[in-house]
Number of protein chains: 4
Amino acid sequence: MFSIDKYSRVPIYEQIISQFEMHIALGDLAPGQQLPSVRSLSVELSVNPNTLQKAYAELERRGLCYAAPGNGRFISPDAPEKLRRSRQALLVEIAKTTTELAQAGIPLGDVLTAVSSAYESAATGGGRA
Amino acid sequence: MFSIDKYSRVPIYEQIISQFEMHIALGDLAPGQQLPSVRSLSVELSVNPNTLQKAYAELERRGLCYAAPGNGRFISPDAPEKLRRSRQALLVEIAKTTTELAQAGIPLGDVLTAVSSAYESAATGGGRA
Amino acid sequence: MFSIDKYSRVPIYEQIISQFEMHIALGDLAPGQQLPSVRSLSVELSVNPNTLQKAYAELERRGLCYAAPGNGRFISPDAPEKLRRSRQALLVEIAKTTTELAQAGIPLGDVLTAVSSAYESAATGGGRA
Amino acid sequence: MFSIDKYSRVPIYEQIISQFEMHIALGDLAPGQQLPSVRSLSVELSVNPNTLQKAYAELERRGLCYAAPGNGRFISPDAPEKLRRSRQALLVEIAKTTTELAQAGIPLGDVLTAVSSAYESAATGGGRA
DNA sequence: GTGGTCTAGACCACA
DNA sequence: GTGGTCTAGACCACA
């Protein structure tokens with residue numbers, strides 16, 4: 001369910017967060033469902049438990065899961081909703097910035113180039129590239 | 001010095017902002033120079049004073065001019081530099097947002113579509129549409 | 001949740017902005033939560049919709065909320081963080097401006113007077129004055 | 001008329017600019033008056049001619065003096081006016097930032113401390129400190 | 001229903 | 001005269 005690229009420039013805990021978010025968005029992980037424990041997943045992914053702890057803490061901070069001490073960690077009831085909204089917020093934000101760039105007279109080509117290259121850096125992280 | 005298209009889909013106050021920025025960039029409006037008063041320009045352009053106030057407030061927020069109530073409004077001493085810097089800042093900002101979108105799993109195509117369409121709306125405005 | 005003093009010298013829209021920021025800082029308004037609509041809140045506070053629109057637009061500009069036209073307005077996912085960062089940024093900004101004032105030869109006393117009086121105007125507003 | 005502190009953290013060319021501005025503000029240097037040549041002043045102050053050239057270029061960029069090639073350099077007719085305006089702009093700016101800090105709930109004491117310490121750093125530059 | 005823009009016009013403070 | 005705020009109310013796009 002998860003795959004980590006240890007050689008990517010994208011930090012491992014961010015890779016984990018992204019993948020959890022993706023699985024929540026796709027419905028593979030539904031509200032109420034239990035997440036794998038830090039220990040079991042750290043073994044499965046050959047990742048340091050601290051790294052996983054950091055990823056889980058961030059997911060919690062984002063309200064996507066919650067911990068029931070002694071029982072484990074579960075997907076929040078409104079996790080899919082939260083995800084949808086934060087994507088929407090990001091798209092609104094990029095549209096606004098684009099408007100200002102257009103007003104400032106920056107050519108569309110320059111903007112698209114900036115966006116594409118930022119996307120590439122974030123997505124690949126250049127494992128082999 | 002200014003021309004407004006009342007039938008454009010680009011809001012009037014944004015048209016005014018763009019044109020002021022252009023004149024500052026070109027040096028037609030130099031630091032220290034006085035801007036036309038809200039009332040006089042509103043008459044000249046046949047635009048409501050409130051609309052002009054909104055445009056002027058945004059220019060001021062961007063640090064391009066400042067108001068001396070009772071005396072008028074003036075181009076900031078460092079307006080040309082602010083203009084250059086804000087372009088840089090906008091490109092940095094759009095790169096950051098793009099990174100977050102990438103991490104959220106939004107396909108590059110969707111991002112580029114959003115950017116292009118926001119750019120189009122800002123730039124054209126379609127006189128007759 | 002909100003209280004407006006119509007007789008304060010602090011503009012109504014600034015009172016609204018401050019109170020929203022406070023509620024976000026305190027966590028009363030959490031990321032993703034929907035804000036009251038322009039119209040409903042304008043009725044509740046007996047304030048013109050335009051005035052509220054102005055306050056909401058500024059909150060949005062500060063990245064604390066975003067609008068989904070037709071759906072409503074929501075607290076940004078990273079609003080609490082934005083709030084913290086903007087405080088830092090403001091302190092950095094005031095330091096920069098102070099440096100320029102010092103270089104321009106303005107006495108420290110004049111600067112402190114200007115700052116104090118601006119602070120007073122913003123904070124008090126003098127209900128009965 | 002000029003005094004340079006070679007051990008200050010404030011760059012020498014900035015010290016020179018500040019002092020020219022001060023003399024213009026006080027009227028010691030009136031519009032139309034000729035500035036000392038780069039060479040003569042560099043000898044008088046025991047400063048590298050390049051440093052002086054940099055200061056003069058900046059004064060020119062700010063519209064406070066102009067070069068008449070072959071004849072020397074002169075204070076601009078509107079130099080005092082320019083100075084007054086840029087000070088005004090800075091004071092307006094610091095008032096605005098202060099207002100935002102007040103709105104954000106930063107105590108006045110913190111703001112005054114930040115301003116004072118920034119002023120100190122700029123003014124003294126800590127020759128001996 | 002939601003947000004966004006614009007006009008018309010009053011009123012205030014400041015100089 | 002200058003800028004700034006506010007109300008009242010129309011109208012648009014979007015869903």
# chains A, B, ... in the order shown; residues from 1 in each chain; ligands from 1

call {"tool": "select_by_dssp", "arguments": {"residues": "range 1-128 of chain A", "states": "alpha helix (DSSP H)", "output": "ChimeraX atom specification"}}
result
/A:12-26,38-45,49-61,79-103,108-123

call {"tool": "calpha_fit_and_write", "arguments": {"fixed": "chain D", "moving": "chain A", "output": "PDB file with C-alpha atoms, in the first residue's frame"}}
result
ATOM      1  CA  MET A   1      31.102  68.919   7.128  1.00  0.00           C
ATOM      2  CA  PHE A   2      31.322  65.127   7.023  1.00  0.00           C
ATOM      3  CA  SER A   3      32.566  62.609   9.495  1.00  0.00           C
ATOM      4  CA  ILE A   4      33.048  58.950   8.786  1.00  0.00           C
ATOM      5  CA  ASP A   5      33.297  56.168  11.333  1.00  0.00           C
ATOM      6  CA  LYS A   6      35.356  53.500   9.651  1.00  0.00           C
ATOM      7  CA  TYR A   7      34.665  51.063  12.453  1.00  0.00           C
ATOM      8  CA  SER A   8      30.895  51.293  12.355  1.00  0.00           C
ATOM      9  CA  ARG A   9      28.828  48.378  11.085  1.00  0.00           C
ATOM     10  CA  VAL A  10      26.960  50.874   8.913  1.00  0.00           C
ATOM     11  CA  PRO A  11      28.574  50.818   5.446  1.00  0.00           C
ATOM     12  CA  ILE A  12      30.620  53.929   4.700  1.00  0.00           C
ATOM     13  CA  TYR A  13      28.624  54.822   1.587  1.00  0.00           C
ATOM     14  CA  GLU A  14      25.441  54.739   3.654  1.00  0.00           C
ATOM     15  CA  GLN A  15      27.012  57.040   6.219  1.00  0.00           C
ATOM     16  CA  ILE A  16      27.842  59.443   3.436  1.00  0.00           C
ATOM     17  CA  ILE A  17      24.342  59.272   1.984  1.00  0.00           C
ATOM     18  CA  SER A  18      22.793  59.900   5.404  1.00  0.00           C
ATOM     19  CA  GLN A  19      24.976  62.908   5.985  1.00  0.00           C
ATOM     20  CA  PHE A  20      24.217  64.409   2.616  1.00  0.00           C
ATOM     21  CA  GLU A  21      20.522  63.929   3.241  1.00  0.00           C
ATOM     22  CA  MET A  22      20.854  65.558   6.636  1.00  0.00           C
ATOM     23  CA  HIS A  23      22.661  68.563   5.196  1.00  0.00           C
ATOM     24  CA  ILE A  24      20.041  68.909   2.482  1.00  0.00           C
ATOM     25  CA  ALA A  25      17.239  68.659   5.030  1.00  0.00           C
ATOM     26  CA  LEU A  26      18.866  71.304   7.226  1.00  0.00           C
ATOM     27  CA  GLY A  27      19.448  73.570   4.237  1.00  0.00           C
ATOM     28  CA  ASP A  28      23.239  73.499   4.582  1.00  0.00           C
ATOM     29  CA  LEU A  29      23.209  72.196   1.053  1.00  0.00           C
ATOM     30  CA  ALA A  30      20.750  74.173  -1.046  1.00  0.00           C
ATOM     31  CA  PRO A  31      19.302  73.320  -4.461  1.00  0.00           C
ATOM     32  CA  GLY A  32      21.705  74.256  -7.249  1.00  0.00           C
ATOM     33  CA  GLN A  33      24.715  74.141  -4.989  1.00  0.00           C
ATOM     34  CA  GLN A  34      27.665  72.156  -6.269  1.00  0.00           C
ATOM     35  CA  LEU A  35      28.799  69.014  -4.487  1.00  0.00           C
ATOM     36  CA  PRO A  36      32.477  68.355  -3.842  1.00  0.00           C
ATOM     37  CA  SER A  37      34.054  66.267  -6.598  1.00  0.00           C
ATOM     38  CA  VAL A  38      34.576  62.583  -6.010  1.00  0.00           C
ATOM     39  CA  ARG A  39      38.327  63.039  -5.967  1.00  0.00           C
ATOM     40  CA  SER A  40      38.528  65.959  -3.577  1.00  0.00           C
ATOM     41  CA  LEU A  41      36.056  64.491  -1.084  1.00  0.00           C
ATOM     42  CA  SER A  42      37.683  61.069  -1.245  1.00  0.00           C
ATOM     43  CA  VAL A  43      40.967  62.676  -0.223  1.00  0.00           C
ATOM     44  CA  GLU A  44      39.347  64.771   2.501  1.00  0.00           C
ATOM     45  CA  LEU A  45      37.571  61.787   4.056  1.00  0.00           C
ATOM     46  CA  SER A  46      40.353  59.284   3.358  1.00  0.00           C
ATOM     47  CA  VAL A  47      37.824  57.120   1.612  1.00  0.00           C
ATOM     48  CA  ASN A  48      38.148  55.095  -1.559  1.00  0.00           C
ATOM     49  CA  PRO A  49      36.873  57.013  -4.604  1.00  0.00           C
ATOM     50  CA  ASN A  50      34.773  53.993  -5.582  1.00  0.00           C
ATOM     51  CA  THR A  51      32.931  54.185  -2.276  1.00  0.00           C
ATOM     52  CA  LEU A  52      32.161  57.820  -2.870  1.00  0.00           C
ATOM     53  CA  GLN A  53      31.106  57.111  -6.405  1.00  0.00           C
ATOM     54  CA  LYS A  54      28.629  54.573  -5.045  1.00  0.00           C
ATOM     55  CA  ALA A  55      27.198  57.089  -2.578  1.00  0.00           C
ATOM     56  CA  TYR A  56      26.845  59.757  -5.240  1.00  0.00           C
ATOM     57  CA  ALA A  57      25.181  57.329  -7.636  1.00  0.00           C
ATOM     58  CA  GLU A  58      22.628  56.470  -4.990  1.00  0.00           C
ATOM     59  CA  LEU A  59      21.929  60.134  -4.222  1.00  0.00           C
ATOM     60  CA  GLU A  60      21.403  60.616  -7.925  1.00  0.00           C
ATOM     61  CA  ARG A  61      19.093  57.620  -8.138  1.00  0.00           C
ATOM     62  CA  ARG A  62      17.051  59.188  -5.364  1.00  0.00           C
ATOM     63  CA  GLY A  63      16.786  62.361  -7.386  1.00  0.00           C
ATOM     64  CA  LEU A  64      18.625  64.429  -4.788  1.00  0.00           C
ATOM     65  CA  CYS A  65      21.410  65.520  -7.084  1.00  0.00           C
ATOM     66  CA  TYR A  66      22.241  65.379 -10.756  1.00  0.00           C
ATOM     67  CA  ALA A  67      25.461  65.232 -12.716  1.00  0.00           C
ATOM     68  CA  ALA A  68      26.342  67.780 -15.379  1.00  0.00           C
ATOM     69  CA  PRO A  69      29.096  65.871 -17.153  1.00  0.00           C
ATOM     70  CA  GLY A  70      32.242  67.936 -17.310  1.00  0.00           C
ATOM     71  CA  ASN A  71      30.877  70.510 -14.878  1.00  0.00           C
ATOM     72  CA  GLY A  72      30.302  68.610 -11.687  1.00  0.00           C
ATOM     73  CA  ARG A  73      27.385  67.488  -9.607  1.00  0.00           C
ATOM     74  CA  PHE A  74      24.617  69.681  -8.181  1.00  0.00           C
ATOM     75  CA  ILE A  75      21.804  69.493  -5.643  1.00  0.00           C
ATOM     76  CA  SER A  76      18.465  69.026  -7.437  1.00  0.00           C
ATOM     77  CA  PRO A  77      15.955  71.878  -7.321  1.00  0.00           C
ATOM     78  CA  ASP A  78      13.372  69.689  -5.594  1.00  0.00           C
ATOM     79  CA  ALA A  79      15.758  67.826  -3.310  1.00  0.00           C
ATOM     80  CA  PRO A  80      14.338  69.181  -0.017  1.00  0.00           C
ATOM     81  CA  GLU A  81      10.814  68.413  -1.218  1.00  0.00           C
ATOM     82  CA  LYS A  82      11.819  64.864  -2.181  1.00  0.00           C
ATOM     83  CA  LEU A  83      13.361  64.328   1.220  1.00  0.00           C
ATOM     84  CA  ARG A  84      10.316  65.546   3.050  1.00  0.00           C
ATOM     85  CA  ARG A  85       8.089  63.259   1.042  1.00  0.00           C
ATOM     86  CA  SER A  86      10.136  60.153   1.529  1.00  0.00           C
ATOM     87  CA  ARG A  87      10.209  60.754   5.283  1.00  0.00           C
ATOM     88  CA  GLN A  88       6.490  61.201   5.252  1.00  0.00           C
ATOM     89  CA  ALA A  89       6.099  57.954   3.313  1.00  0.00           C
ATOM     90  CA  LEU A  90       8.198  56.110   5.879  1.00  0.00           C
ATOM     91  CA  LEU A  91       6.206  57.486   8.795  1.00  0.00           C
ATOM     92  CA  VAL A  92       2.937  56.515   7.132  1.00  0.00           C
ATOM     93  CA  GLU A  93       4.325  53.048   6.548  1.00  0.00           C
ATOM     94  CA  ILE A  94       5.453  52.504  10.119  1.00  0.00           C
ATOM     95  CA  ALA A  95       2.070  53.682  11.372  1.00  0.00           C
ATOM     96  CA  LYS A  96       0.320  51.113   9.203  1.00  0.00           C
ATOM     97  CA  THR A  97       2.528  48.275  10.322  1.00  0.00           C
ATOM     98  CA  THR A  98       1.987  49.331  13.921  1.00  0.00           C
ATOM     99  CA  THR A  99      -1.767  49.205  13.410  1.00  0.00           C
ATOM    100  CA  GLU A 100      -1.530  45.650  12.164  1.00  0.00           C
ATOM    101  CA  LEU A 101       0.667  44.671  15.097  1.00  0.00           C
ATOM    102  CA  ALA A 102      -1.875  46.191  17.475  1.00  0.00           C
ATOM    103  CA  GLN A 103      -4.663  44.277  15.739  1.00  0.00           C
ATOM    104  CA  ALA A 104      -2.662  41.091  16.051  1.00  0.00           C
ATOM    105  CA  GLY A 105      -2.540  41.631  19.791  1.00  0.00           C
ATOM    106  CA  ILE A 106       1.199  42.219  20.112  1.00  0.00           C
ATOM    107  CA  PRO A 107       1.767  44.297  23.269  1.00  0.00           C
ATOM    108  CA  LEU A 108       2.892  47.896  22.718  1.00  0.00           C
ATOM    109  CA  GLY A 109       5.988  47.208  24.793  1.00  0.00           C
ATOM    110  CA  ASP A 110       7.159  44.503  22.395  1.00  0.00           C
ATOM    111  CA  VAL A 111       6.691  46.809  19.440  1.00  0.00           C
ATOM    112  CA  LEU A 112       8.595  49.668  21.050  1.00  0.00           C
ATOM    113  CA  THR A 113      11.413  47.319  22.000  1.00  0.00           C
ATOM    114  CA  ALA A 114      11.706  46.072  18.426  1.00  0.00           C
ATOM    115  CA  VAL A 115      11.738  49.612  17.093  1.00  0.00           C
ATOM    116  CA  SER A 116      14.272  50.893  19.595  1.00  0.00           C
ATOM    117  CA  SER A 117      16.688  48.064  19.041  1.00  0.00           C
ATOM    118  CA  ALA A 118      16.441  48.349  15.246  1.00  0.00           C
ATOM    119  CA  TYR A 119      17.071  52.078  15.584  1.00  0.00           C
ATOM    120  CA  GLU A 120      20.109  51.529  17.775  1.00  0.00           C
ATOM    121  CA  SER A 121      21.644  49.051  15.337  1.00  0.00           C
ATOM    122  CA  ALA A 122      21.119  51.413  12.430  1.00  0.00           C
ATOM    123  CA  ALA A 123      22.262  54.586  14.144  1.00  0.00           C
ATOM    124  CA  THR A 124      25.295  53.588  16.124  1.00  0.00           C
ATOM    125  CA  GLY A 125      26.458  50.555  14.196  1.00  0.00           C
ATOM    126  CA  GLY A 126      28.449  49.979  17.360  1.00  0.00           C
ATOM    127  CA  GLY A 127      31.737  51.730  16.749  1.00  0.00           C
ATOM    128  CA  ARG A 128      33.002  51.027  20.209  1.00  0.00           C
ATOM    129  CA  ALA A 129      30.007  49.387  21.857  1.00  0.00           C
TER     130      ALA A 129
END

call {"tool": "atom_distance", "arguments": {"atom1": "C1' of DT7 in chain F", "atom2": "C1' of DG1 in chain E"}}
result
23.4 Å

call {"tool": "decode", "arguments": {"residues": "range 1-14 of chain E", "atoms": "C-alpha atoms (C1' of nucleotides)", "output": "tab-separated table (two decimals), in the first residue's frame"}}
result
chain	number	residue	atom	x	y	z
E	1	DG	C1'	-28.74	30.34	-1.76
E	2	DT	C1'	-23.30	31.99	-2.16
E	3	DG	C1'	-19.59	35.72	-3.10
E	4	DG	C1'	-18.14	39.98	-5.98
E	5	DT	C1'	-18.60	44.50	-8.16
E	6	DC	C1'	-20.40	48.83	-8.78
E	7	DT	C1'	-23.08	53.14	-8.28
E	8	DA	C1'	-25.05	56.97	-5.59
E	9	DG	C1'	-24.55	59.63	-2.05
E	10	DA	C1'	-23.84	60.93	3.00
E	11	DC	C1'	-20.64	62.04	6.46
E	12	DC	C1'	-16.20	62.42	8.98
E	13	DA	C1'	-11.35	64.10	9.91
E	14	DC	C1'	-7.66	66.78	8.43
